[in-house]
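Source file: target38.pdb. Holds: PDB, C-alpha atoms.
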ATOM      1  CA  MET A 649       3.866  13.790  84.371
ATOM      2  CA  SER A 650       4.952  14.682  87.907
ATOM      3  CA  ALA A 651       7.536  17.329  88.753
ATOM      4  CA  ASP A 652      10.165  14.810  89.899
ATOM      5  CA  PHE A 653       9.948  13.057  86.509
ATOM      6  CA  TRP A 654      10.761  16.215  84.534
ATOM      7  CA  ALA A 655      13.300  17.415  87.082
ATOM      8  CA  GLY A 656      15.080  14.083  86.722
ATOM      9  CA  TYR A 657      14.874  14.244  82.926
ATOM     10  CA  LEU A 658      16.385  17.711  82.621
ATOM     11  CA  SER A 659      19.083  17.088  85.228
ATOM     12  CA  GLY A 660      20.069  13.890  83.403
ATOM     13  CA  ILE A 661      20.526  15.732  80.107
ATOM     14  CA  VAL A 662      22.675  18.410  81.761
ATOM     15  CA  GLY A 663      24.805  15.729  83.407
ATOM     16  CA  ILE A 664      25.492  13.947  80.121
ATOM     17  CA  ILE A 665      26.541  17.136  78.335
ATOM     18  CA  VAL A 666      28.897  18.112  81.152
ATOM     19  CA  GLY A 667      30.393  14.674  81.745
ATOM     20  CA  ASN A 668      30.802  13.136  78.284
ATOM     21  CA  PRO A 669      34.474  14.096  77.676
ATOM     22  CA  LEU A 670      35.561  12.389  80.901
ATOM     23  CA  ASP A 671      33.229   9.474  80.187
ATOM     24  CA  ILE A 672      35.098   8.827  76.920
ATOM     25  CA  GLU A 673      38.364   8.687  78.872
ATOM     26  CA  LYS A 674      36.804   6.360  81.465
ATOM     27  CA  VAL A 675      35.702   3.859  78.822
ATOM     28  CA  ARG A 676      39.089   4.088  77.077
ATOM     29  CA  ARG A 677      40.922   3.207  80.285
ATOM     30  CA  GLN A 678      38.518   0.392  81.113
ATOM     31  CA  THR A 679      38.798  -1.185  77.669
ATOM     32  CA  ARG A 680      42.409  -0.155  76.944
ATOM     33  CA  SER A 681      41.210   1.313  73.661
ATOM     34  CA  HIS A 682      43.297   3.882  71.766
ATOM     35  CA  VAL A 683      40.258   5.485  70.158
ATOM     36  CA  ALA A 684      40.090   8.282  72.737
ATOM     37  CA  GLU A 685      43.677   9.286  71.939
ATOM     38  CA  LYS A 686      42.533   9.943  68.374
ATOM     39  CA  ILE A 687      39.527  11.855  69.676
ATOM     40  CA  TYR A 688      41.782  14.216  71.648
ATOM     41  CA  SER A 689      43.568  15.222  68.433
ATOM     42  CA  GLN A 690      40.299  16.115  66.709
ATOM     43  CA  SER A 691      38.052  19.123  67.084
ATOM     44  CA  SER A 692      36.340  19.926  70.353
ATOM     45  CA  ALA A 693      33.085  18.614  68.865
ATOM     46  CA  ALA A 694      34.589  15.098  69.051
ATOM     47  CA  PHE A 695      34.221  15.229  72.817
ATOM     48  CA  MET A 696      30.468  15.007  72.283
ATOM     49  CA  LYS A 697      30.937  11.643  70.560
ATOM     50  CA  GLY A 698      28.324   9.187  71.684
ATOM     51  CA  THR A 699      26.088  11.742  73.413
ATOM     52  CA  ALA A 700      23.006  11.329  71.231
ATOM     53  CA  ALA A 701      21.906   8.058  72.822
ATOM     54  CA  PRO A 702      22.566   9.197  76.421
ATOM     55  CA  ILE A 703      20.902  12.595  75.955
ATOM     56  CA  PHE A 704      17.625  10.934  75.039
ATOM     57  CA  GLY A 705      18.148   7.659  76.892
ATOM     58  CA  TYR A 706      19.759   8.961  80.063
ATOM     59  CA  GLY A 707      17.311  11.828  80.305
ATOM     60  CA  ALA A 708      14.512   9.247  80.339
ATOM     61  CA  LEU A 709      16.548   7.021  82.660
ATOM     62  CA  ASN A 710      17.103   9.794  85.184
ATOM     63  CA  ALA A 711      13.436  10.758  85.029
ATOM     64  CA  LEU A 712      12.364   7.165  85.665
ATOM     65  CA  LEU A 713      15.031   6.831  88.371
ATOM     66  CA  PHE A 714      13.820   9.717  90.523
ATOM     67  CA  PHE A 715      10.172   8.909  89.863
ATOM     68  CA  SER A 716      10.697   5.256  90.929
ATOM     69  CA  TYR A 717      12.851   6.192  93.901
ATOM     70  CA  ASN A 718      10.342   8.621  95.380
ATOM     71  CA  ARG A 719       7.468   6.138  95.004
ATOM     72  CA  SER A 720       9.488   3.199  96.343
ATOM     73  CA  GLU A 721      10.710   5.230  99.305
ATOM     74  CA  ALA A 722       7.159   6.318 100.151
ATOM     75  CA  ILE A 723       5.934   2.703 100.128
ATOM     76  CA  LEU A 724       8.866   1.459 102.219
ATOM     77  CA  LYS A 725       8.533   4.290 104.734
ATOM     78  CA  GLY A 726       4.882   3.470 105.160
ATOM     79  CA  SER A 727       5.672  -0.130 106.103
ATOM     80  CA  ALA A 728       8.902   0.468 108.070
ATOM     81  CA  ALA A 729       9.076   0.694 111.864
ATOM     82  CA  THR A 730      11.755   3.381 111.479
ATOM     83  CA  PRO A 731      11.000   5.424 108.313
ATOM     84  CA  THR A 732      14.361   7.216 108.415
ATOM     85  CA  ALA A 733      16.394   3.983 108.553
ATOM     86  CA  GLY A 734      19.247   3.746 106.069
ATOM     87  CA  TRP A 735      18.030   0.459 104.625
ATOM     88  CA  VAL A 736      14.829   2.169 103.482
ATOM     89  CA  THR A 737      16.778   4.681 101.408
ATOM     90  CA  TRP A 738      19.208   2.053 100.067
ATOM     91  CA  THR A 739      16.445  -0.382  99.127
ATOM     92  CA  ALA A 740      14.395   2.325  97.416
ATOM     93  CA  GLY A 741      17.500   3.282  95.437
ATOM     94  CA  ALA A 742      18.172  -0.348  94.503
ATOM     95  CA  VAL A 743      14.572  -0.831  93.355
ATOM     96  CA  SER A 744      14.749   2.324  91.237
ATOM     97  CA  GLY A 745      18.047   1.067  89.767
ATOM     98  CA  LEU A 746      16.330  -2.123  88.624
ATOM     99  CA  ALA A 747      13.435  -0.092  87.258
ATOM    100  CA  VAL A 748      15.702   1.858  84.884
ATOM    101  CA  TRP A 749      17.455  -1.241  83.524
ATOM    102  CA  VAL A 750      15.169  -1.444  80.514
ATOM    103  CA  VAL A 751      16.469   1.993  79.442
ATOM    104  CA  SER A 752      20.041   1.920  80.769
ATOM    105  CA  ALA A 753      21.149  -1.367  79.143
ATOM    106  CA  PRO A 754      20.621  -0.318  75.494
ATOM    107  CA  THR A 755      21.649   3.266  76.213
ATOM    108  CA  GLU A 756      24.974   2.174  77.723
ATOM    109  CA  LEU A 757      25.611  -0.291  74.896
ATOM    110  CA  ILE A 758      25.057   2.280  72.150
ATOM    111  CA  LYS A 759      26.992   4.989  74.026
ATOM    112  CA  CYS A 760      30.075   2.831  74.606
ATOM    113  CA  ARG A 761      30.188   1.596  71.015
ATOM    114  CA  ALA A 762      29.693   5.107  69.631
ATOM    115  CA  GLN A 763      32.504   6.461  71.825
ATOM    116  CA  MET A 764      34.967   3.736  70.790
ATOM    117  CA  SER A 765      33.941   3.339  67.145
ATOM    118  CA  THR A 766      36.527   3.692  64.384
ATOM    119  CA  PRO A 767      35.686   5.079  61.932
ATOM    120  CA  ALA A 768      33.258   7.220  63.854
ATOM    121  CA  MET A 769      29.648   6.062  63.805
ATOM    122  CA  SER A 770      26.596   7.877  65.058
ATOM    123  CA  SER A 771      24.453   6.485  67.838
ATOM    124  CA  TRP A 772      21.597   6.078  65.365
ATOM    125  CA  ALA A 773      23.788   4.097  62.939
ATOM    126  CA  ILE A 774      24.925   1.781  65.735
ATOM    127  CA  PHE A 775      21.335   1.334  66.911
ATOM    128  CA  LYS A 776      20.220   0.292  63.409
ATOM    129  CA  GLN A 777      23.233  -1.983  62.984
ATOM    130  CA  ILE A 778      22.498  -3.859  66.204
ATOM    131  CA  LEU A 779      18.816  -4.252  65.323
ATOM    132  CA  GLN A 780      19.633  -5.555  61.849
ATOM    133  CA  ARG A 781      22.214  -8.076  63.049
ATOM    134  CA  GLU A 782      20.892  -9.190  66.419
ATOM    135  CA  GLY A 783      17.403  -7.823  66.826
ATOM    136  CA  VAL A 784      16.050  -6.285  70.032
ATOM    137  CA  ARG A 785      17.902  -8.899  72.093
ATOM    138  CA  GLY A 786      21.208  -7.467  70.880
ATOM    139  CA  LEU A 787      20.435  -4.138  72.532
ATOM    140  CA  TYR A 788      20.623  -5.892  75.900
ATOM    141  CA  HIS A 789      24.053  -7.465  75.516
ATOM    142  CA  GLY A 790      25.673  -7.122  78.945
ATOM    143  CA  GLY A 791      22.247  -6.457  80.434
ATOM    144  CA  VAL A 792      22.643  -8.665  83.519
ATOM    145  CA  VAL A 793      25.845  -6.881  84.563
ATOM    146  CA  THR A 794      24.197  -3.534  83.845
ATOM    147  CA  ALA A 795      21.221  -4.465  86.039
ATOM    148  CA  LEU A 796      23.503  -5.487  88.930
ATOM    149  CA  ARG A 797      25.561  -2.321  88.543
ATOM    150  CA  ASP A 798      22.493  -0.074  88.494
ATOM    151  CA  SER A 799      20.747  -1.751  91.409
ATOM    152  CA  ILE A 800      23.752  -1.757  93.748
ATOM    153  CA  GLY A 801      25.066   1.585  92.556
ATOM    154  CA  TYR A 802      21.830   3.531  92.877
ATOM    155  CA  GLY A 803      21.259   2.000  96.302
ATOM    156  CA  PHE A 804      24.488   3.646  97.454
ATOM    157  CA  TYR A 805      23.741   6.744  95.373
ATOM    158  CA  PHE A 806      20.597   7.778  97.240
ATOM    159  CA  TRP A 807      21.812   6.417 100.579
ATOM    160  CA  THR A 808      25.007   8.511 100.431
ATOM    161  CA  TYR A 809      23.178  11.635  99.313
ATOM    162  CA  GLU A 810      20.592  11.440 102.066
ATOM    163  CA  LEU A 811      23.205  10.540 104.697
ATOM    164  CA  ALA A 812      25.476  13.424 103.690
ATOM    165  CA  HIS A 813      22.537  15.819 103.496
ATOM    166  CA  ARG A 814      21.379  14.806 106.970
ATOM    167  CA  HIS A 815      24.755  15.287 108.676
ATOM    168  CA  TRP A 816      26.459  18.049 106.677
ATOM    169  CA  PRO A 817      25.736  21.543 108.060
ATOM    170  CA  ALA A 818      24.114  23.987 105.676
ATOM    171  CA  ALA A 819      25.934  27.260 104.994
ATOM    172  CA  ARG A 820      22.731  29.311 104.984
ATOM    173  CA  GLU A 821      20.387  27.284 107.137
ATOM    174  CA  HIS A 822      18.153  30.123 108.308
ATOM    175  CA  ASP A 823      17.904  31.798 104.911
ATOM    176  CA  ASP A 824      17.040  28.472 103.298
ATOM    177  CA  ALA A 825      14.286  27.777 105.808
ATOM    178  CA  ALA A 826      12.759  31.162 105.102
ATOM    179  CA  SER A 827      12.946  30.856 101.317
ATOM    180  CA  GLY A 828      12.021  27.196 101.029
ATOM    181  CA  ARG A 829      15.237  26.432  99.145
ATOM    182  CA  ARG A 830      18.055  24.072 100.017
ATOM    183  CA  ASP A 831      21.564  25.415 100.310
ATOM    184  CA  THR A 832      23.253  25.167  96.888
ATOM    185  CA  SER A 833      26.779  24.540  98.147
ATOM    186  CA  LYS A 834      25.511  21.715 100.342
ATOM    187  CA  ILE A 835      23.612  20.145  97.433
ATOM    188  CA  LEU A 836      26.670  20.323  95.190
ATOM    189  CA  LEU A 837      28.885  18.696  97.794
ATOM    190  CA  CYS A 838      26.403  15.977  98.773
ATOM    191  CA  GLY A 839      25.614  15.234  95.129
ATOM    192  CA  GLY A 840      29.303  14.956  94.285
ATOM    193  CA  LEU A 841      29.974  12.623  97.210
ATOM    194  CA  ALA A 842      27.003  10.472  96.204
ATOM    195  CA  GLY A 843      28.428  10.157  92.702
ATOM    196  CA  ILE A 844      31.838   9.046  93.957
ATOM    197  CA  ALA A 845      30.323   6.527  96.392
ATOM    198  CA  THR A 846      28.186   5.070  93.636
ATOM    199  CA  TRP A 847      31.038   4.398  91.244
ATOM    200  CA  ALA A 848      33.399   3.177  93.954
ATOM    201  CA  SER A 849      30.807   0.552  94.921
ATOM    202  CA  VAL A 850      30.278  -0.850  91.413
ATOM    203  CA  PHE A 851      33.363   0.045  89.379
ATOM    204  CA  PRO A 852      34.532  -3.562  88.771
ATOM    205  CA  LEU A 853      31.067  -4.364  87.409
ATOM    206  CA  ASP A 854      31.257  -1.313  85.155
ATOM    207  CA  VAL A 855      34.647  -2.429  83.820
ATOM    208  CA  ILE A 856      33.203  -5.820  82.869
ATOM    209  CA  LYS A 857      30.165  -4.120  81.318
ATOM    210  CA  SER A 858      32.301  -1.742  79.240
ATOM    211  CA  ARG A 859      34.529  -4.556  77.998
ATOM    212  CA  LEU A 860      31.536  -6.708  77.131
ATOM    213  CA  GLN A 861      29.811  -3.948  75.238
ATOM    214  CA  THR A 862      32.837  -2.751  73.260
ATOM    215  CA  GLN A 863      33.937  -6.155  71.939
ATOM    216  CA  GLN A 864      34.517  -5.785  68.233
ATOM    217  CA  GLN A 865      32.098  -8.331  66.861
ATOM    218  CA  GLN A 866      31.597  -9.860  63.454
ATOM    219  CA  TYR A 867      28.889 -12.196  62.210
ATOM    220  CA  SER A 868      29.597 -15.439  60.372
ATOM    221  CA  HIS A 869      27.091 -18.210  59.541
ATOM    222  CA  GLY A 870      24.710 -16.884  62.171
ATOM    223  CA  ALA A 871      27.276 -17.072  65.010
ATOM    224  CA  THR A 872      28.429 -14.012  66.914
ATOM    225  CA  THR A 873      32.223 -13.876  67.198
ATOM    226  CA  ASP A 874      34.945 -11.373  68.014
ATOM    227  CA  MET A 875      37.330 -10.081  65.372
ATOM    228  CA  ALA A 876      39.771 -12.924  66.117
ATOM    229  CA  GLY A 877      37.108 -15.470  65.260
ATOM    230  CA  ASN A 878      36.355 -16.490  68.837
ATOM    231  CA  ARG A 879      32.841 -16.588  70.202
ATOM    232  CA  ARG A 880      31.906 -13.369  71.925
ATOM    233  CA  TYR A 881      32.592 -13.454  75.667
ATOM    234  CA  GLY A 882      29.993 -13.499  78.391
ATOM    235  CA  ALA A 883      30.343 -11.588  81.664
ATOM    236  CA  TRP A 884      31.899 -14.420  83.672
ATOM    237  CA  GLN A 885      34.469 -15.283  81.000
ATOM    238  CA  MET A 886      35.301 -11.607  80.566
ATOM    239  CA  ALA A 887      35.866 -11.249  84.328
ATOM    240  CA  LYS A 888      38.146 -14.325  84.427
ATOM    241  CA  ASP A 889      40.203 -13.171  81.440
ATOM    242  CA  THR A 890      40.519  -9.659  82.845
ATOM    243  CA  TYR A 891      41.799 -11.044  86.143
ATOM    244  CA  ARG A 892      44.186 -13.445  84.417
ATOM    245  CA  ASP A 893      45.683 -10.653  82.319
ATOM    246  CA  GLY A 894      46.319  -8.171  85.125
ATOM    247  CA  GLY A 895      45.017  -9.363  88.467
ATOM    248  CA  ILE A 896      42.808  -6.976  90.412
ATOM    249  CA  ARG A 897      44.217  -3.737  88.924
ATOM    250  CA  PRO A 898      42.257  -3.751  85.638
ATOM    251  CA  PHE A 899      38.999  -3.806  87.601
ATOM    252  CA  PHE A 900      39.837  -0.367  89.014
ATOM    253  CA  ARG A 901      41.589   1.164  86.007
ATOM    254  CA  GLY A 902      40.009   4.541  85.271
ATOM    255  CA  LEU A 903      38.479   4.944  88.742
ATOM    256  CA  THR A 904      40.259   8.262  89.352
ATOM    257  CA  VAL A 905      38.963   9.794  86.127
ATOM    258  CA  CYS A 906      35.538   8.332  86.825
ATOM    259  CA  SER A 907      35.503   9.782  90.356
ATOM    260  CA  VAL A 908      36.302  13.276  89.077
ATOM    261  CA  ARG A 909      33.568  12.955  86.464
ATOM    262  CA  ALA A 910      31.139  11.501  89.020
ATOM    263  CA  PHE A 911      31.664  14.371  91.440
ATOM    264  CA  VAL A 912      31.171  17.091  88.827
ATOM    265  CA  VAL A 913      28.261  15.463  86.998
ATOM    266  CA  ASN A 914      26.285  14.422  90.051
ATOM    267  CA  ALA A 915      26.886  17.691  91.868
ATOM    268  CA  ILE A 916      25.363  19.510  88.892
ATOM    269  CA  GLN A 917      22.592  16.944  88.423
ATOM    270  CA  TRP A 918      21.441  17.192  92.024
ATOM    271  CA  ALA A 919      21.650  20.994  91.935
ATOM    272  CA  VAL A 920      19.456  21.122  88.815
ATOM    273  CA  TYR A 921      17.029  18.542  90.249
ATOM    274  CA  GLU A 922      16.684  20.291  93.632
ATOM    275  CA  TRP A 923      16.363  23.704  91.968
ATOM    276  CA  ILE A 924      13.517  22.545  89.719
ATOM    277  CA  MET A 925      11.754  20.790  92.584
ATOM    278  CA  SER A 926      12.092  23.847  94.841
ATOM    279  CA  GLU A 927      10.714  26.118  92.107
ATOM    280  CA  VAL A 928       7.742  23.804  91.630
ATOM    281  CA  THR A 929       7.155  23.621  95.393
ATOM    282  CA  ILE A 930       7.337  27.384  95.832
ATOM    283  CA  GLY A 931       5.043  27.860  92.829
ATOM    284  CA  ASN A 932       2.502  25.457  94.270
ATOM    285  CA  GLU A 933       2.610  27.169  97.666
ATOM    286  CA  ARG A 934       2.001  30.568  96.088
ATOM    287  CA  GLN A 935      -0.886  29.150  94.097
ATOM    288  CA  MET A 936      -2.440  27.664  97.231
ATOM    289  CA  LYS A 937      -2.185  31.034  99.018
ATOM    290  CA  LEU A 938      -4.037  32.704  96.155
ATOM    291  CA  LEU A 939      -6.904  30.201  96.176
ATOM    292  CA  PRO A 940      -8.773  31.703  99.195
ATOM    293  CA  GLU A 941      -8.529  35.143  97.616
ATOM    294  CA  ALA A 942      -9.874  33.805  94.354
ATOM    295  CA  ASP A 943     -12.748  32.068  96.153
ATOM    296  CA  SER A 944     -13.678  35.207  98.033
TER     297      SER A 944
END

Before we go any further, please render this structure as structure tokens.
Amino acid sequence: MSADFWAGYLSGIVGIIVGNPLDIEKVRRQTRSHVAEKIYSQSSAAFMKGTAAPIFGYGALNALLFFSYNRSEAILKGSAATPTAGWVTWTAGAVSGLAVWVVSAPTELIKCRAQMSTPAMSSWAIFKQILQREGVRGLYHGGVVTALRDSIGYGFYFWTYELAHRHWPAAREHDDAASGRRDTSKILLCGGLAGIATWASVFPLDVIKSRLQTQQQQYSHGATTDMAGNRRYGAWQMAKDTYRDGGIRPFFRGLTVCSVRAFVVNAIQWAVYEWIMSEVTIGNERQMKLLPEADS
């Protein structure tokens, strides 16, 4: 596999470990669940609730995301009149967002249910339960909303990062040019801003997704219903009911917590990604310099 694949994989795992406690709070606020309040009274290990699925799933997702983005961007730049145009970056990000849907939809579903489960259930137990009751199709409940969220969100994710990186002055520009490394403080800041921009652009979609995926379902005579006996909601019905219950406010409930999490997680993710890529680049350059000596 290429370097950007593994750099994306490792940075995704680090991001999940760092951001899971705030992610639990985000989902609680979006769904108005009281499960997280119980989690806070438990041991510190409870803050890792629901991380098993994202650690494996999101690591793969992040790897596929960066791999798809770099290839899509290269293709678009080759056919664009202005390779540095913002639409090239945004479109490449949107394409990569769609590419990761096959991984992100089941990963998000299992993560959200594991975080809000009472009594606590492991990600593996939830995975088996969904397969037994609904089959593979059940793993993609809320998949259309997830696909829209990922496509739009990752478009803004890469566009914001590249825009910020292009216009924000580096603290150690000359040293970085000499060493082949990007300035760490600049990467952290640009990565954090990209995370905030991403979630701000798709947060209402994420609220609908979280509410869809955390409906407490039961199964009777082959029909899927909620715990009140009603048929389980689809995305459009969930959006209408959310608006009827609280207007526009519920669609942005938890955005502050999410923004804090997004800044921290994505700052660290980009720093890890850029560090790995720079190490690989420097290693390759050193190897190329040694080749003439080896030939002689």

request  = Could you jot down the CA of Thr737 (chain A) to CA of Ala651 (chain A) separation for me, Å, one decimal place?
outcome  =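 CA of Ala651 (chain A) lies at a distance of 20.1 Å from CA of Thr737 (chain A).
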
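Using only C-alpha atoms, the shortest contact distance between Ala742 (chain A) and any of A:Ile800, A:Ala708, A:Leu724, A:Leu757 is found at A:Ile800.
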
request  = Tell me, as a list in words, which residues lie within 12 Å of Ser650 (chain A), counting only C-alpha atoms; anything in the same chain fewer than 6 positions away does not count.
outcome  =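 Final neighbour list, sorted by chain and number: Gly656, Tyr657, Ala711, Leu712, Phe714, Phe715, Ser716, Asn718, Arg719, Ile924, Met925, Val928 and Thr929 of chain A.
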
Neighbour residues at most 7 Å from (37.7, -3.1, 90.2) (only C-alpha atoms) as a PDB file with C-alpha atoms, in the frame of the given file:
ATOM      1  CA  PHE A 851      33.363   0.045  89.379  1.00  0.00           C
ATOM      2  CA  PRO A 852      34.532  -3.562  88.771  1.00  0.00           C
ATOM      3  CA  ILE A 896      42.808  -6.976  90.412  1.00  0.00           C
ATOM      4  CA  ARG A 897      44.217  -3.737  88.924  1.00  0.00           C
ATOM      5  CA  PRO A 898      42.257  -3.751  85.638  1.00  0.00           C
ATOM      6  CA  PHE A 899      38.999  -3.806  87.601  1.00  0.00           C
ATOM      7  CA  PHE A 900      39.837  -0.367  89.014  1.00  0.00           C
TER       8      PHE A 900
END

task = List the neighbours of region 831-844 of chain A out to 7 Å using only C-alpha atoms; skip same-chain residues closer than 3 positions along the sequence, and give me the result as a list in words.
result = Tyr805, Thr808, Tyr809, Ala812, His813, Ala818, Ala819, Arg820, Asp824, Trp847, Ala848, Ser907, Ala910, Phe911, Val912, Asn914, Ala915, Ile916, Trp918 and Ala919 of chain A

Residue selection dump (C-alpha atoms) as a CSV table (one decimal), in the frame of the given file:
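part-v1.csv was written with the following content:
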chain,number,residue,atom,x,y,z
A,805,TYR,CA,23.7,6.7,95.4
A,808,THR,CA,25.0,8.5,100.4
A,809,TYR,CA,23.2,11.6,99.3
A,812,ALA,CA,25.5,13.4,103.7
A,813,HIS,CA,22.5,15.8,103.5
A,818,ALA,CA,24.1,24.0,105.7
A,819,ALA,CA,25.9,27.3,105.0
A,820,ARG,CA,22.7,29.3,105.0
A,824,ASP,CA,17.0,28.5,103.3
A,847,TRP,CA,31.0,4.4,91.2
A,848,ALA,CA,33.4,3.2,94.0
A,907,SER,CA,35.5,9.8,90.4
A,910,ALA,CA,31.1,11.5,89.0
A,911,PHE,CA,31.7,14.4,91.4
A,912,VAL,CA,31.2,17.1,88.8
A,914,ASN,CA,26.3,14.4,90.1
A,915,ALA,CA,26.9,17.7,91.9
A,916,ILE,CA,25.4,19.5,88.9
A,918,TRP,CA,21.4,17.2,92.0
A,919,ALA,CA,21.6,21.0,91.9

Residues within 8 Å of (30.4, -8.2, 83.5), counting only C-alpha atoms, listed as a list in words =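 Every residue inside that radius is included here: Gly790, Val792, Val793, Thr794, Leu853, Asp854, Val855, Ile856, Lys857, Ser858, Arg859, Leu860, Gly882, Ala883, Trp884, Met886 and Ala887 of chain A.
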
query = What gap, in Å, lies between CA of Gln885 (chain A) and CA of Arg901 (chain A)?
reply =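 CA of Arg901 (chain A) lies at a distance of 18.6 Å from CA of Gln885 (chain A).
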
request  = Kindly indicate which residue among A:Thr739, A:Tyr802, A:Thr862, A:Val750 lies nearest to Val784 (chain A), using only C-alpha atoms for the distances.
outcome  = A:Val750

query = Quick one: distance from CA of Cys906 (chain A) to CA of Ala773 (chain A) in Å, one decimal?
reply =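 According to the coordinates, CA of Cys906 (chain A) and CA of Ala773 (chain A) are separated by 27.0 Å.
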
Selection under test: the PyMOL selection byres ((chain A and resi 743) around 9); residues as a list in words =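 Applied to this file, the PyMOL selection byres ((chain A and resi 743) around 9) returns Ser716, Tyr717, Ser720, Trp738, Thr739, Ala740, Gly741, Ala742, Ser744, Gly745, Leu746, Ala747, Val748, Ser799, Tyr802 and Gly803 of chain A.
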
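The shortest atom-to-atom distance to Glu927 (chain A), with all atoms listed in the file taken into account, belongs to A:Asp652 out of A:Asp889, A:Glu782, A:Asp652, A:Glu673.
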
Take region 785-791 of chain A, bring it up to all heavy atoms, and give me the output as a PDB file, in the frame of the given file.
ATOM      1  N   ARG A 785      17.090  -8.217  71.081  1.00  0.00           N
ATOM      2  CA  ARG A 785      17.902  -8.899  72.093  1.00  0.00           C
ATOM      3  C   ARG A 785      19.336  -8.362  72.120  1.00  0.00           C
ATOM      4  O   ARG A 785      19.956  -8.290  73.171  1.00  0.00           O
ATOM      5  CB  ARG A 785      17.904 -10.397  71.815  1.00  0.00           C
ATOM      6  CG  ARG A 785      18.654 -11.219  72.849  1.00  0.00           C
ATOM      7  CD  ARG A 785      18.582 -12.697  72.513  1.00  0.00           C
ATOM      8  NE  ARG A 785      19.313 -13.498  73.483  1.00  0.00           N
ATOM      9  CZ  ARG A 785      19.443 -14.812  73.415  1.00  0.00           C
ATOM     10  NH1 ARG A 785      18.866 -15.482  72.424  1.00  0.00           N
ATOM     11  NH2 ARG A 785      20.127 -15.462  74.333  1.00  0.00           N
ATOM     12  N   GLY A 786      19.844  -7.980  70.950  1.00  0.00           N
ATOM     13  CA  GLY A 786      21.208  -7.467  70.880  1.00  0.00           C
ATOM     14  C   GLY A 786      21.413  -6.170  71.629  1.00  0.00           C
ATOM     15  O   GLY A 786      22.529  -5.855  72.056  1.00  0.00           O
ATOM     16  N   LEU A 787      20.344  -5.396  71.802  1.00  0.00           N
ATOM     17  CA  LEU A 787      20.435  -4.138  72.532  1.00  0.00           C
ATOM     18  C   LEU A 787      20.684  -4.354  74.016  1.00  0.00           C
ATOM     19  O   LEU A 787      21.055  -3.426  74.729  1.00  0.00           O
ATOM     20  CB  LEU A 787      19.158  -3.318  72.351  1.00  0.00           C
ATOM     21  CG  LEU A 787      18.867  -2.803  70.937  1.00  0.00           C
ATOM     22  CD1 LEU A 787      17.479  -2.195  70.879  1.00  0.00           C
ATOM     23  CD2 LEU A 787      19.921  -1.783  70.507  1.00  0.00           C
ATOM     24  N   TYR A 788      20.469  -5.586  74.481  1.00  0.00           N
ATOM     25  CA  TYR A 788      20.623  -5.892  75.900  1.00  0.00           C
ATOM     26  C   TYR A 788      21.831  -6.786  76.172  1.00  0.00           C
ATOM     27  O   TYR A 788      21.886  -7.451  77.195  1.00  0.00           O
ATOM     28  CB  TYR A 788      19.336  -6.529  76.440  1.00  0.00           C
ATOM     29  CG  TYR A 788      18.223  -5.524  76.536  1.00  0.00           C
ATOM     30  CD1 TYR A 788      17.400  -5.255  75.442  1.00  0.00           C
ATOM     31  CD2 TYR A 788      18.022  -4.785  77.703  1.00  0.00           C
ATOM     32  CE1 TYR A 788      16.405  -4.302  75.512  1.00  0.00           C
ATOM     33  CE2 TYR A 788      17.028  -3.836  77.785  1.00  0.00           C
ATOM     34  CZ  TYR A 788      16.219  -3.593  76.689  1.00  0.00           C
ATOM     35  OH  TYR A 788      15.234  -2.631  76.774  1.00  0.00           O
ATOM     36  N   HIS A 789      22.811  -6.740  75.257  1.00  0.00           N
ATOM     37  CA  HIS A 789      24.053  -7.465  75.516  1.00  0.00           C
ATOM     38  C   HIS A 789      24.754  -6.833  76.725  1.00  0.00           C
ATOM     39  O   HIS A 789      24.947  -5.626  76.781  1.00  0.00           O
ATOM     40  CB  HIS A 789      24.971  -7.389  74.291  1.00  0.00           C
ATOM     41  CG  HIS A 789      26.261  -8.106  74.482  1.00  0.00           C
ATOM     42  ND1 HIS A 789      26.333  -9.462  74.684  1.00  0.00           N
ATOM     43  CD2 HIS A 789      27.546  -7.653  74.523  1.00  0.00           C
ATOM     44  CE1 HIS A 789      27.596  -9.821  74.831  1.00  0.00           C
ATOM     45  NE2 HIS A 789      28.343  -8.741  74.741  1.00  0.00           N
ATOM     46  N   GLY A 790      25.108  -7.646  77.700  1.00  0.00           N
ATOM     47  CA  GLY A 790      25.673  -7.122  78.945  1.00  0.00           C
ATOM     48  C   GLY A 790      24.608  -6.613  79.896  1.00  0.00           C
ATOM     49  O   GLY A 790      24.920  -5.915  80.869  1.00  0.00           O
ATOM     50  N   GLY A 791      23.347  -6.991  79.652  1.00  0.00           N
ATOM     51  CA  GLY A 791      22.247  -6.457  80.434  1.00  0.00           C
ATOM     52  C   GLY A 791      22.223  -6.911  81.883  1.00  0.00           C
ATOM     53  O   GLY A 791      21.844  -6.148  82.771  1.00  0.00           O
TER      54      GLY A 791
END
